[in-house]
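Engineer: Below you will find the structure I want to go over with you.
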Amino acid sequence: MPPSIPTIPTINCGANQSLSCVPKLSTRNSAQEHHSDTLWLAIHLPLLPLEVFALGPITTPTVVYDTSQRSHSIVAVDDHAQRHGIITGMPLSVAHAQVTGLRAFIQNCQAEQQTLVQLATQATHWSPNVVVHSSGLLLEIAGSLRLYGGLNSLLAAIKSWINRQYSCVHLAITPTPSSAMLCARHSNSVLIVNQTRLVASISQIPVNLLELNQHQQTLLQQIGIQQIGALLRLPRSGLARRLGPAILNMLDRLTGVEPEPQITFIPPRRFEKTLECLPARTQVEQLMPWAKILVQTLVSQLLHTCKHVNQIDWSLHHADQPSTPITLRLTDERYEEQSLLGLTRLAFDTINLTAAVEKITLSAMPLRHIGEQNACLFSATNMDTWPMLLDRLRHRLGDQQVLGLRTHAEYRPEHAWSFCEPGKTDQNNQCAPRPLWLFLKPRILDVIDGNPYFHGPLEVATEYERIVSGWWDTSPVRRDYYHARNNHHIDLWIFRELNTGHWFAHGIF
């Protein structure tokens, strides 16, 4: 857990110390008076290159390295590797020479970007202005303070959300976006709500954390500039002449002298996330830990965006053959983790893996915003049980074994229905009541003394429904349908054939 935000003004300076600058907040109203017009919350994930692999509990030193540079420099290290003296920026060859049995993974930038997009989608719950940065997120939270009960309440809620998903998180709040991300990259728990304190608070941060090219970094090192405060004290004309005018614009945006427009994140319509199975798995049961992580990520996004899904698609990727697709069709719209995970397990049990699975992908199209359904006040019946039972039967027995029924605009009972997907409905056809149990073929009835019999004499109603149809094809009918009941209180649907006068039973109510 990251350390809590202090509540008294402190400025701790030093290469290895945390940077904090907090105005004295006596009440919530007085705290809001000190806030700048804009407040940017930066969320920096220093171990994101390592956490995207979903390795689970790590027991051996593990690092992630970048292949874009010739030296294959390390971009993320776990605690075990750090205790052996491995740090970020170290060449991979040096790390291997220093630690025997070191595990090293190539940085997966695509998976990192995918993760940040999903986090940004969830972050729109706290602020409409979210920006995706290369190593984290930026949220403009000044407009959200009143909605969430002040800065402390909002910050506590965001901490609880992000710490449930990632173990190492750096948070920083400043009046400008670039300074917020800079402070988050430098240390954790930075809170600067006053514009006048910004320059003094960032002055001790090393200049190598700025986005400078190699020429600019080398020149600053040669003239002995190591901290941002010393850089800001240099003459602007000489700085622009030696390092280029762009560095002045960067410093002005950093300190809030110039505005810094940001590209606001727009959530994608479709959810999709891929996890790499390390090592490759050959049994379906071994895939469930990765499936659980993907389902939890989907559910988290659904909860934060107030949406549901009615279908999710799995893809099991193999090395030398096409992917194995698995589709989960849901009878109703839902977002519950346990139900989605349970149906996934049932669907996985029905497949036979012929090759090892190297990656697993979950994709879904979240539906429109749907409010929570009100619970029934008096009835104890859970109306959600039948769709869940239906989904379990479909994914256990197969889609072709569990079907629904729907009606058609057709008078002849034999042609007035068909099979369909469970839960699908058609327009309501206005017609007389029909029995749910319809015989595949009408059964002829015995007639004694002019009264039809079905396990005893029938009591036939006087009202009837005449159906004369099908004269245009090969199955014409001319019938009068009646409701009837026998001595065993069985309600029947019977008809008299108008052409022959014979009686038939066609269904049971």
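Chains: A, B, ... in order of the structure tokens. Residues: from 1 per chain. Ligands: from 1, in order shown.
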Taking only range 234-399 of chain A into account, list the residues labelled strand (DSSP E or B) by DSSP (computed from the backbone), as a PDB file with N, CA and C atoms, in the first residue's frame.
Structural biologist:
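Final output, saved to part_28.pdb:
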```
ATOM      1  N   PHE A 271     -14.406  -4.219 -25.708  1.00  0.00           N
ATOM      2  CA  PHE A 271     -13.400  -4.642 -24.731  1.00  0.00           C
ATOM      3  C   PHE A 271     -12.610  -5.795 -25.317  1.00  0.00           C
ATOM      4  N   GLU A 272     -11.291  -5.728 -25.197  1.00  0.00           N
ATOM      5  CA  GLU A 272     -10.434  -6.828 -25.647  1.00  0.00           C
ATOM      6  C   GLU A 272      -9.126  -6.788 -24.877  1.00  0.00           C
ATOM      7  N   LYS A 273      -8.738  -7.947 -24.370  1.00  0.00           N
ATOM      8  CA  LYS A 273      -7.494  -8.039 -23.604  1.00  0.00           C
ATOM      9  C   LYS A 273      -6.894  -9.420 -23.825  1.00  0.00           C
ATOM     10  N   THR A 274      -5.575  -9.468 -23.956  1.00  0.00           N
ATOM     11  CA  THR A 274      -4.845 -10.709 -24.186  1.00  0.00           C
ATOM     12  C   THR A 274      -3.794 -10.895 -23.098  1.00  0.00           C
ATOM     13  N   LEU A 275      -3.693 -12.105 -22.595  1.00  0.00           N
ATOM     14  CA  LEU A 275      -2.659 -12.461 -21.632  1.00  0.00           C
ATOM     15  C   LEU A 275      -1.817 -13.585 -22.203  1.00  0.00           C
ATOM     16  N   GLU A 276      -0.533 -13.499 -21.960  1.00  0.00           N
ATOM     17  CA  GLU A 276       0.392 -14.528 -22.421  1.00  0.00           C
ATOM     18  C   GLU A 276       0.574 -15.566 -21.329  1.00  0.00           C
ATOM     19  N   CYS A 277       0.368 -16.830 -21.681  1.00  0.00           N
ATOM     20  CA  CYS A 277       0.505 -17.924 -20.718  1.00  0.00           C
ATOM     21  C   CYS A 277       1.969 -18.363 -20.666  1.00  0.00           C
ATOM     22  N   LEU A 278       2.604 -18.126 -19.560  1.00  0.00           N
ATOM     23  CA  LEU A 278       4.015 -18.475 -19.395  1.00  0.00           C
ATOM     24  C   LEU A 278       4.153 -19.444 -18.229  1.00  0.00           C
ATOM     25  N   PRO A 279       4.591 -20.699 -18.529  1.00  0.00           N
ATOM     26  CA  PRO A 279       4.823 -21.284 -19.859  1.00  0.00           C
ATOM     27  C   PRO A 279       3.511 -21.670 -20.518  1.00  0.00           C
ATOM     28  N   ALA A 280       3.579 -22.169 -21.773  1.00  0.00           N
ATOM     29  CA  ALA A 280       2.380 -22.568 -22.496  1.00  0.00           C
ATOM     30  C   ALA A 280       1.675 -23.706 -21.755  1.00  0.00           C
ATOM     31  N   ARG A 281       0.339 -23.682 -21.822  1.00  0.00           N
ATOM     32  CA  ARG A 281      -0.463 -24.649 -21.078  1.00  0.00           C
ATOM     33  C   ARG A 281      -1.070 -25.678 -22.032  1.00  0.00           C
ATOM     34  N   LYS A 307     -22.272  -0.749 -17.550  1.00  0.00           N
ATOM     35  CA  LYS A 307     -22.721  -1.482 -18.726  1.00  0.00           C
ATOM     36  C   LYS A 307     -22.769  -2.973 -18.418  1.00  0.00           C
ATOM     37  N   VAL A 309     -23.050  -7.103 -20.515  1.00  0.00           N
ATOM     38  CA  VAL A 309     -22.735  -7.845 -21.729  1.00  0.00           C
ATOM     39  C   VAL A 309     -23.736  -8.982 -21.872  1.00  0.00           C
ATOM     40  N   ASN A 310     -23.976  -9.399 -23.106  1.00  0.00           N
ATOM     41  CA  ASN A 310     -24.798 -10.588 -23.351  1.00  0.00           C
ATOM     42  C   ASN A 310     -24.049 -11.636 -24.171  1.00  0.00           C
ATOM     43  N   GLN A 311     -22.755 -11.384 -24.424  1.00  0.00           N
ATOM     44  CA  GLN A 311     -21.924 -12.377 -25.113  1.00  0.00           C
ATOM     45  C   GLN A 311     -20.461 -12.014 -24.907  1.00  0.00           C
ATOM     46  N   ILE A 312     -19.648 -13.027 -24.634  1.00  0.00           N
ATOM     47  CA  ILE A 312     -18.206 -12.830 -24.567  1.00  0.00           C
ATOM     48  C   ILE A 312     -17.551 -13.903 -25.421  1.00  0.00           C
ATOM     49  N   ASP A 313     -16.431 -13.552 -26.029  1.00  0.00           N
ATOM     50  CA  ASP A 313     -15.721 -14.435 -26.947  1.00  0.00           C
ATOM     51  C   ASP A 313     -14.307 -14.679 -26.421  1.00  0.00           C
ATOM     52  N   TRP A 314     -13.953 -15.950 -26.346  1.00  0.00           N
ATOM     53  CA  TRP A 314     -12.610 -16.363 -25.954  1.00  0.00           C
ATOM     54  C   TRP A 314     -11.863 -16.853 -27.182  1.00  0.00           C
ATOM     55  N   SER A 315     -10.561 -16.628 -27.199  1.00  0.00           N
ATOM     56  CA  SER A 315      -9.687 -17.163 -28.244  1.00  0.00           C
ATOM     57  C   SER A 315      -8.450 -17.738 -27.563  1.00  0.00           C
ATOM     58  N   LEU A 316      -8.202 -19.021 -27.806  1.00  0.00           N
ATOM     59  CA  LEU A 316      -7.023 -19.700 -27.279  1.00  0.00           C
ATOM     60  C   LEU A 316      -6.004 -19.792 -28.404  1.00  0.00           C
ATOM     61  N   HIS A 317      -4.898 -19.079 -28.265  1.00  0.00           N
ATOM     62  CA  HIS A 317      -3.903 -18.971 -29.336  1.00  0.00           C
ATOM     63  C   HIS A 317      -2.845 -20.065 -29.186  1.00  0.00           C
ATOM     64  N   THR A 324      -8.304 -21.396 -31.154  1.00  0.00           N
ATOM     65  CA  THR A 324      -9.536 -22.094 -30.782  1.00  0.00           C
ATOM     66  C   THR A 324     -10.541 -21.086 -30.266  1.00  0.00           C
ATOM     67  N   PRO A 325     -11.650 -20.853 -30.992  1.00  0.00           N
ATOM     68  CA  PRO A 325     -12.643 -19.879 -30.521  1.00  0.00           C
ATOM     69  C   PRO A 325     -13.657 -20.525 -29.586  1.00  0.00           C
ATOM     70  N   ILE A 326     -14.069 -19.791 -28.580  1.00  0.00           N
ATOM     71  CA  ILE A 326     -15.104 -20.237 -27.637  1.00  0.00           C
ATOM     72  C   ILE A 326     -16.031 -19.054 -27.405  1.00  0.00           C
ATOM     73  N   THR A 327     -17.306 -19.233 -27.673  1.00  0.00           N
ATOM     74  CA  THR A 327     -18.285 -18.157 -27.536  1.00  0.00           C
ATOM     75  C   THR A 327     -19.251 -18.480 -26.416  1.00  0.00           C
ATOM     76  N   LEU A 328     -19.458 -17.515 -25.527  1.00  0.00           N
ATOM     77  CA  LEU A 328     -20.426 -17.639 -24.447  1.00  0.00           C
ATOM     78  C   LEU A 328     -21.590 -16.706 -24.747  1.00  0.00           C
ATOM     79  N   ARG A 329     -22.728 -17.291 -25.119  1.00  0.00           N
ATOM     80  CA  ARG A 329     -23.939 -16.502 -25.348  1.00  0.00           C
ATOM     81  C   ARG A 329     -24.781 -16.533 -24.083  1.00  0.00           C
ATOM     82  N   LEU A 330     -25.192 -15.371 -23.632  1.00  0.00           N
ATOM     83  CA  LEU A 330     -25.925 -15.254 -22.378  1.00  0.00           C
ATOM     84  C   LEU A 330     -27.393 -14.974 -22.666  1.00  0.00           C
ATOM     85  N   THR A 331     -28.261 -15.595 -21.898  1.00  0.00           N
ATOM     86  CA  THR A 331     -29.691 -15.407 -22.100  1.00  0.00           C
ATOM     87  C   THR A 331     -30.118 -13.996 -21.752  1.00  0.00           C
ATOM     88  N   ASP A 332     -29.558 -13.437 -20.694  1.00  0.00           N
ATOM     89  CA  ASP A 332     -29.872 -12.066 -20.314  1.00  0.00           C
ATOM     90  C   ASP A 332     -28.587 -11.281 -20.160  1.00  0.00           C
ATOM     91  N   GLU A 333     -28.711  -9.992 -19.995  1.00  0.00           N
ATOM     92  CA  GLU A 333     -27.555  -9.110 -19.870  1.00  0.00           C
ATOM     93  C   GLU A 333     -27.069  -9.135 -18.424  1.00  0.00           C
ATOM     94  N   ARG A 334     -25.751  -9.277 -18.239  1.00  0.00           N
ATOM     95  CA  ARG A 334     -25.223  -9.390 -16.886  1.00  0.00           C
ATOM     96  C   ARG A 334     -23.803  -8.856 -16.818  1.00  0.00           C
ATOM     97  N   VAL A 357      -1.519 -23.892 -25.364  1.00  0.00           N
ATOM     98  CA  VAL A 357      -2.056 -22.537 -25.448  1.00  0.00           C
ATOM     99  C   VAL A 357      -0.989 -21.556 -24.977  1.00  0.00           C
ATOM    100  N   GLU A 358      -0.608 -20.640 -25.866  1.00  0.00           N
ATOM    101  CA  GLU A 358       0.415 -19.660 -25.523  1.00  0.00           C
ATOM    102  C   GLU A 358      -0.178 -18.324 -25.095  1.00  0.00           C
ATOM    103  N   LYS A 359      -1.365 -17.983 -25.631  1.00  0.00           N
ATOM    104  CA  LYS A 359      -2.030 -16.737 -25.269  1.00  0.00           C
ATOM    105  C   LYS A 359      -3.515 -16.999 -25.165  1.00  0.00           C
ATOM    106  N   ILE A 360      -4.175 -16.182 -24.370  1.00  0.00           N
ATOM    107  CA  ILE A 360      -5.623 -16.284 -24.212  1.00  0.00           C
ATOM    108  C   ILE A 360      -6.198 -14.872 -24.307  1.00  0.00           C
ATOM    109  N   THR A 361      -7.253 -14.727 -25.110  1.00  0.00           N
ATOM    110  CA  THR A 361      -7.852 -13.420 -25.377  1.00  0.00           C
ATOM    111  C   THR A 361      -9.323 -13.448 -24.984  1.00  0.00           C
ATOM    112  N   LEU A 362      -9.756 -12.386 -24.316  1.00  0.00           N
ATOM    113  CA  LEU A 362     -11.165 -12.188 -23.996  1.00  0.00           C
ATOM    114  C   LEU A 362     -11.626 -10.910 -24.679  1.00  0.00           C
ATOM    115  N   SER A 363     -12.709 -11.000 -25.425  1.00  0.00           N
ATOM    116  CA  SER A 363     -13.277  -9.822 -26.086  1.00  0.00           C
ATOM    117  C   SER A 363     -14.778  -9.816 -25.869  1.00  0.00           C
ATOM    118  N   ALA A 364     -15.344  -8.623 -25.782  1.00  0.00           N
ATOM    119  CA  ALA A 364     -16.781  -8.471 -25.559  1.00  0.00           C
ATOM    120  C   ALA A 364     -17.194  -7.091 -26.024  1.00  0.00           C
ATOM    121  N   HIS A 369     -26.008   1.613 -21.383  1.00  0.00           N
ATOM    122  CA  HIS A 369     -26.083   1.793 -19.939  1.00  0.00           C
ATOM    123  C   HIS A 369     -27.403   1.206 -19.430  1.00  0.00           C
TER     124      HIS A 369
END
```
Engineer: So that I can check the surroundings of Ser93 in chain A, please list as a PDB file with C-alpha atoms, in the first residue's frame every protein, DNA and RNA residue that reaches within 9 Å of it, counting only C-alpha atoms and ignoring chain neighbours fewer than 4 positions away.
Structural biologist:
```pdb
ATOM      1  CA  SER A  71      22.351  -2.894 -24.903  1.00  0.00           C
ATOM      2  CA  HIS A  72      18.898  -4.360 -24.133  1.00  0.00           C
ATOM      3  CA  SER A  73      18.459  -2.147 -21.102  1.00  0.00           C
ATOM      4  CA  ALA A  97      26.418 -11.855 -15.107  1.00  0.00           C
ATOM      5  CA  GLN A  98      25.369 -10.564 -11.707  1.00  0.00           C
TER       6      GLN A  98
END
```
Engineer: Considering only C-alpha atoms, return as a short mmCIF file (atom, residue, chain, number, x, y, z; two decimals) with C-alpha atoms, in the first residue's frame whatever protein or nucleic-acid residues lie within 9 Å of Gly456 in chain A, sequence-local ones (same chain, fewer than 6 positions apart) excluded.
Structural biologist:
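To be explicit, this is the file written out as out28.cif:
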```cif
data_model
loop_
_atom_site.label_atom_id
_atom_site.label_comp_id
_atom_site.auth_asym_id
_atom_site.auth_seq_id
_atom_site.Cartn_x
_atom_site.Cartn_y
_atom_site.Cartn_z
CA ASN A 486 -62.28 -35.26 -18.95
CA ASN A 487 -63.05 -37.04 -15.66
CA HIS A 488 -59.38 -36.73 -14.55
#
```
Engineer: With a distance cut-off of 9 Å and only C-alpha atoms, select the neighbouring residues of range 388-390 of chain A, excluding the residue or stretch itself and same-chain residues fewer than 4 positions from it, and output the selection as an MDAnalysis selection string.
Structural biologist: chainID A and resid 330:332 339 343 384 394:395 402 422
Engineer: In Å to one decimal, how far is CA of Val190 in chain A from CA of Thr174 in chain A?
Structural biologist: 7.9 Å
Engineer: Can you tell me which residues surround Tyr481 in chain A at a distance of at most 9 Å, considering only C-alpha atoms, apart from same-chain residues fewer than 6 positions away, and format the answer as a PyMOL selection string?
Structural biologist: chain A and resi 463-467+493-496
Engineer: Residues at most 8 Å from Trp417 in chain A, counting only C-alpha atoms, excluding those fewer than 2 positions away in the same chain, as a list of chain:residue names?
Structural biologist: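 With the cut-off at 8 Å, the set is A:Leu405, A:Arg406, A:Thr407, A:His408, A:Pro413, A:Glu414, A:His415, A:Phe419.
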Engineer: Calculated over only C-alpha atoms, which of the candidates A:Ile192, A:Leu92, A:Val295, A:Ile202 has the smallest distance to Leu151 in chain A?
Structural biologist: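 Once distances to Leu151 in chain A are computed over only C-alpha atoms, the minimum belongs to A:Ile192.
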Engineer: May I have the residues within 9 Å of range 433-448 of chain A as a PyMOL selection string, using only C-alpha atoms and disregarding those fewer than 3 positions away in the same chain?
Structural biologist: chain A and resi 413-414+451-454+457+492-494+502-509
Engineer: Save the residues we just selected, C-alpha atoms, as an mmCIF file, in the first residue's frame?
Structural biologist:
```
data_model
loop_
_atom_site.group_PDB
_atom_site.id
_atom_site.type_symbol
_atom_site.label_atom_id
_atom_site.label_comp_id
_atom_site.auth_asym_id
_atom_site.auth_seq_id
_atom_site.Cartn_x
_atom_site.Cartn_y
_atom_site.Cartn_z
ATOM 1 C CA PRO A 413 -51.156 -24.796 -35.118
ATOM 2 C CA GLU A 414 -48.658 -27.152 -36.801
ATOM 3 C CA ASN A 451 -69.709 -37.391 -27.412
ATOM 4 C CA PRO A 452 -65.907 -37.556 -27.911
ATOM 5 C CA TYR A 453 -63.921 -39.647 -25.405
ATOM 6 C CA PHE A 454 -60.326 -39.248 -24.042
ATOM 7 C CA PRO A 457 -66.191 -38.762 -21.684
ATOM 8 C CA LEU A 492 -57.572 -30.650 -23.722
ATOM 9 C CA TRP A 493 -57.545 -28.745 -26.976
ATOM 10 C CA ILE A 494 -59.673 -30.732 -29.425
ATOM 11 C CA HIS A 502 -64.143 -36.726 -36.981
ATOM 12 C CA TRP A 503 -62.872 -35.544 -33.581
ATOM 13 C CA PHE A 504 -59.145 -35.150 -32.732
ATOM 14 C CA ALA A 505 -57.108 -34.167 -29.671
ATOM 15 C CA HIS A 506 -54.340 -31.683 -30.596
ATOM 16 C CA GLY A 507 -52.857 -30.603 -27.265
ATOM 17 C CA ILE A 508 -53.052 -30.412 -23.457
ATOM 18 C CA PHE A 509 -53.251 -27.181 -21.482
#
```
Engineer: If DSSP is run on the backbone, what residues of range 263-476 of chain A are alpha helix (DSSP H)? A reply as an mmCIF file with N, CA and C atoms, in the first residue's frame would be ideal.
Structural biologist:
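selection_32.cif, written as the output of this step:
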```cif
data_model
loop_
_atom_site.group_PDB
_atom_site.id
_atom_site.type_symbol
_atom_site.label_atom_id
_atom_site.label_comp_id
_atom_site.auth_asym_id
_atom_site.auth_seq_id
_atom_site.Cartn_x
_atom_site.Cartn_y
_atom_site.Cartn_z
ATOM 1 N N MET A 288 -7.541 -21.556 -16.267
ATOM 2 C CA MET A 288 -8.510 -20.829 -15.457
ATOM 3 C C MET A 288 -7.918 -19.647 -14.687
ATOM 4 N N PRO A 289 -6.682 -19.701 -14.161
ATOM 5 C CA PRO A 289 -6.151 -18.495 -13.513
ATOM 6 C C PRO A 289 -6.070 -17.297 -14.448
ATOM 7 N N TRP A 290 -5.665 -17.515 -15.702
ATOM 8 C CA TRP A 290 -5.626 -16.412 -16.665
ATOM 9 C C TRP A 290 -7.038 -15.965 -17.030
ATOM 10 N N ALA A 291 -7.943 -16.939 -17.168
ATOM 11 C CA ALA A 291 -9.333 -16.584 -17.474
ATOM 12 C C ALA A 291 -9.945 -15.756 -16.348
ATOM 13 N N LYS A 292 -9.613 -16.071 -15.122
ATOM 14 C CA LYS A 292 -10.144 -15.311 -13.992
ATOM 15 C C LYS A 292 -9.642 -13.873 -14.015
ATOM 16 N N ILE A 293 -8.377 -13.671 -14.334
ATOM 17 C CA ILE A 293 -7.839 -12.306 -14.415
ATOM 18 C C ILE A 293 -8.560 -11.516 -15.498
ATOM 19 N N LEU A 294 -8.784 -12.133 -16.656
ATOM 20 C CA LEU A 294 -9.461 -11.439 -17.755
ATOM 21 C C LEU A 294 -10.905 -11.121 -17.398
ATOM 22 N N VAL A 295 -11.605 -12.051 -16.766
ATOM 23 C CA VAL A 295 -12.991 -11.796 -16.382
ATOM 24 C C VAL A 295 -13.061 -10.683 -15.339
ATOM 25 N N GLN A 296 -12.152 -10.688 -14.390
ATOM 26 C CA GLN A 296 -12.134 -9.621 -13.382
ATOM 27 C C GLN A 296 -11.888 -8.263 -14.028
ATOM 28 N N THR A 297 -11.004 -8.210 -15.022
ATOM 29 C CA THR A 297 -10.756 -6.950 -15.714
ATOM 30 C C THR A 297 -11.996 -6.487 -16.461
ATOM 31 N N LEU A 298 -12.684 -7.412 -17.141
ATOM 32 C CA LEU A 298 -13.916 -7.063 -17.847
ATOM 33 C C LEU A 298 -14.980 -6.573 -16.883
ATOM 34 N N VAL A 299 -15.184 -7.282 -15.785
ATOM 35 C CA VAL A 299 -16.214 -6.908 -14.811
ATOM 36 C C VAL A 299 -15.903 -5.546 -14.195
ATOM 37 N N SER A 300 -14.641 -5.292 -13.916
ATOM 38 C CA SER A 300 -14.253 -3.994 -13.360
ATOM 39 C C SER A 300 -14.607 -2.863 -14.316
ATOM 40 N N GLN A 301 -14.350 -3.075 -15.619
ATOM 41 C CA GLN A 301 -14.703 -2.053 -16.598
ATOM 42 C C GLN A 301 -16.213 -1.902 -16.706
ATOM 43 N N LEU A 302 -16.948 -2.992 -16.664
ATOM 44 C CA LEU A 302 -18.406 -2.915 -16.756
ATOM 45 C C LEU A 302 -18.982 -2.147 -15.570
ATOM 46 N N LEU A 303 -18.446 -2.392 -14.382
ATOM 47 C CA LEU A 303 -18.954 -1.699 -13.199
ATOM 48 C C LEU A 303 -18.670 -0.210 -13.254
ATOM 49 N N HIS A 304 -17.491 0.169 -13.731
ATOM 50 C CA HIS A 304 -17.131 1.570 -13.765
ATOM 51 C C HIS A 304 -17.834 2.323 -14.888
ATOM 52 N N THR A 305 -18.252 1.622 -15.923
ATOM 53 C CA THR A 305 -18.940 2.275 -17.040
ATOM 54 C C THR A 305 -20.437 2.001 -17.030
ATOM 55 N N GLU A 337 -19.209 -11.350 -11.835
ATOM 56 C CA GLU A 337 -17.961 -12.089 -12.053
ATOM 57 C C GLU A 337 -18.159 -13.589 -11.882
ATOM 58 N N GLN A 338 -18.866 -13.998 -10.829
ATOM 59 C CA GLN A 338 -18.994 -15.422 -10.547
ATOM 60 C C GLN A 338 -19.761 -16.151 -11.640
ATOM 61 N N SER A 339 -20.813 -15.545 -12.151
ATOM 62 C CA SER A 339 -21.595 -16.210 -13.197
ATOM 63 C C SER A 339 -20.806 -16.306 -14.489
ATOM 64 N N LEU A 340 -20.104 -15.230 -14.874
ATOM 65 C CA LEU A 340 -19.311 -15.268 -16.104
ATOM 66 C C LEU A 340 -18.169 -16.267 -15.991
ATOM 67 N N LEU A 341 -17.543 -16.315 -14.818
ATOM 68 C CA LEU A 341 -16.435 -17.253 -14.636
ATOM 69 C C LEU A 341 -16.938 -18.693 -14.598
ATOM 70 N N GLY A 342 -18.102 -18.924 -13.987
ATOM 71 C CA GLY A 342 -18.647 -20.270 -13.960
ATOM 72 C C GLY A 342 -19.035 -20.777 -15.338
ATOM 73 N N LEU A 343 -19.636 -19.906 -16.158
ATOM 74 C CA LEU A 343 -19.986 -20.306 -17.524
ATOM 75 C C LEU A 343 -18.730 -20.521 -18.371
ATOM 76 N N THR A 344 -17.706 -19.735 -18.116
ATOM 77 C CA THR A 344 -16.443 -19.939 -18.835
ATOM 78 C C THR A 344 -15.850 -21.305 -18.524
ATOM 79 N N ARG A 345 -15.899 -21.699 -17.268
ATOM 80 C CA ARG A 345 -15.369 -23.013 -16.891
ATOM 81 C C ARG A 345 -16.160 -24.131 -17.583
ATOM 82 N N LEU A 346 -17.484 -23.992 -17.646
ATOM 83 C CA LEU A 346 -18.294 -25.003 -18.323
ATOM 84 C C LEU A 346 -17.966 -25.071 -19.809
ATOM 85 N N ALA A 347 -17.784 -23.894 -20.431
ATOM 86 C CA ALA A 347 -17.461 -23.875 -21.863
ATOM 87 C C ALA A 347 -16.076 -24.456 -22.124
ATOM 88 N N PHE A 348 -15.124 -24.180 -21.252
ATOM 89 C CA PHE A 348 -13.781 -24.717 -21.422
ATOM 90 C C PHE A 348 -13.768 -26.239 -21.275
ATOM 91 N N ASP A 349 -14.653 -26.760 -20.423
ATOM 92 C CA ASP A 349 -14.672 -28.208 -20.205
ATOM 93 C C ASP A 349 -15.150 -28.973 -21.422
ATOM 94 N N THR A 385 -32.495 -16.751 -11.396
ATOM 95 C CA THR A 385 -32.032 -18.127 -11.375
ATOM 96 C C THR A 385 -32.308 -18.837 -12.686
ATOM 97 N N TRP A 386 -33.452 -18.552 -13.316
ATOM 98 C CA TRP A 386 -33.751 -19.310 -14.543
ATOM 99 C C TRP A 386 -32.836 -18.937 -15.697
ATOM 100 N N PRO A 387 -32.462 -17.656 -15.933
ATOM 101 C CA PRO A 387 -31.491 -17.411 -17.010
ATOM 102 C C PRO A 387 -30.128 -18.054 -16.728
ATOM 103 N N MET A 388 -29.724 -18.057 -15.448
ATOM 104 C CA MET A 388 -28.447 -18.674 -15.114
ATOM 105 C C MET A 388 -28.510 -20.179 -15.336
ATOM 106 N N LEU A 389 -29.629 -20.823 -14.932
ATOM 107 C CA LEU A 389 -29.784 -22.256 -15.164
ATOM 108 C C LEU A 389 -29.788 -22.557 -16.656
ATOM 109 N N LEU A 390 -30.459 -21.726 -17.430
ATOM 110 C CA LEU A 390 -30.512 -21.936 -18.872
ATOM 111 C C LEU A 390 -29.123 -21.825 -19.492
ATOM 112 N N ASP A 391 -28.334 -20.836 -19.055
ATOM 113 C CA ASP A 391 -26.982 -20.677 -19.593
ATOM 114 C C ASP A 391 -26.091 -21.855 -19.217
ATOM 115 N N ARG A 392 -26.259 -22.352 -17.999
ATOM 116 C CA ARG A 392 -25.442 -23.497 -17.578
ATOM 117 C C ARG A 392 -25.788 -24.737 -18.399
ATOM 118 N N LEU A 393 -27.078 -24.940 -18.672
ATOM 119 C CA LEU A 393 -27.474 -26.082 -19.494
ATOM 120 C C LEU A 393 -26.933 -25.952 -20.916
ATOM 121 N N ARG A 394 -26.991 -24.750 -21.480
ATOM 122 C CA ARG A 394 -26.522 -24.557 -22.850
ATOM 123 C C ARG A 394 -25.032 -24.826 -22.971
ATOM 124 N N HIS A 395 -24.239 -24.343 -21.992
ATOM 125 C CA HIS A 395 -22.798 -24.518 -22.103
ATOM 126 C C HIS A 395 -22.338 -25.885 -21.606
ATOM 127 N N ARG A 396 -23.206 -26.615 -20.907
ATOM 128 C CA ARG A 396 -22.875 -27.979 -20.519
ATOM 129 C C ARG A 396 -23.288 -28.975 -21.601
ATOM 130 N N LEU A 397 -24.495 -28.800 -22.183
ATOM 131 C CA LEU A 397 -25.025 -29.750 -23.152
ATOM 132 C C LEU A 397 -24.783 -29.347 -24.590
#
```
Engineer: Of the residues A:Leu254, A:Val193, A:Val63, A:Met365, which is the one nearest to Pro268 in chain A, using only C-alpha atoms?
Structural biologist: A:Met365
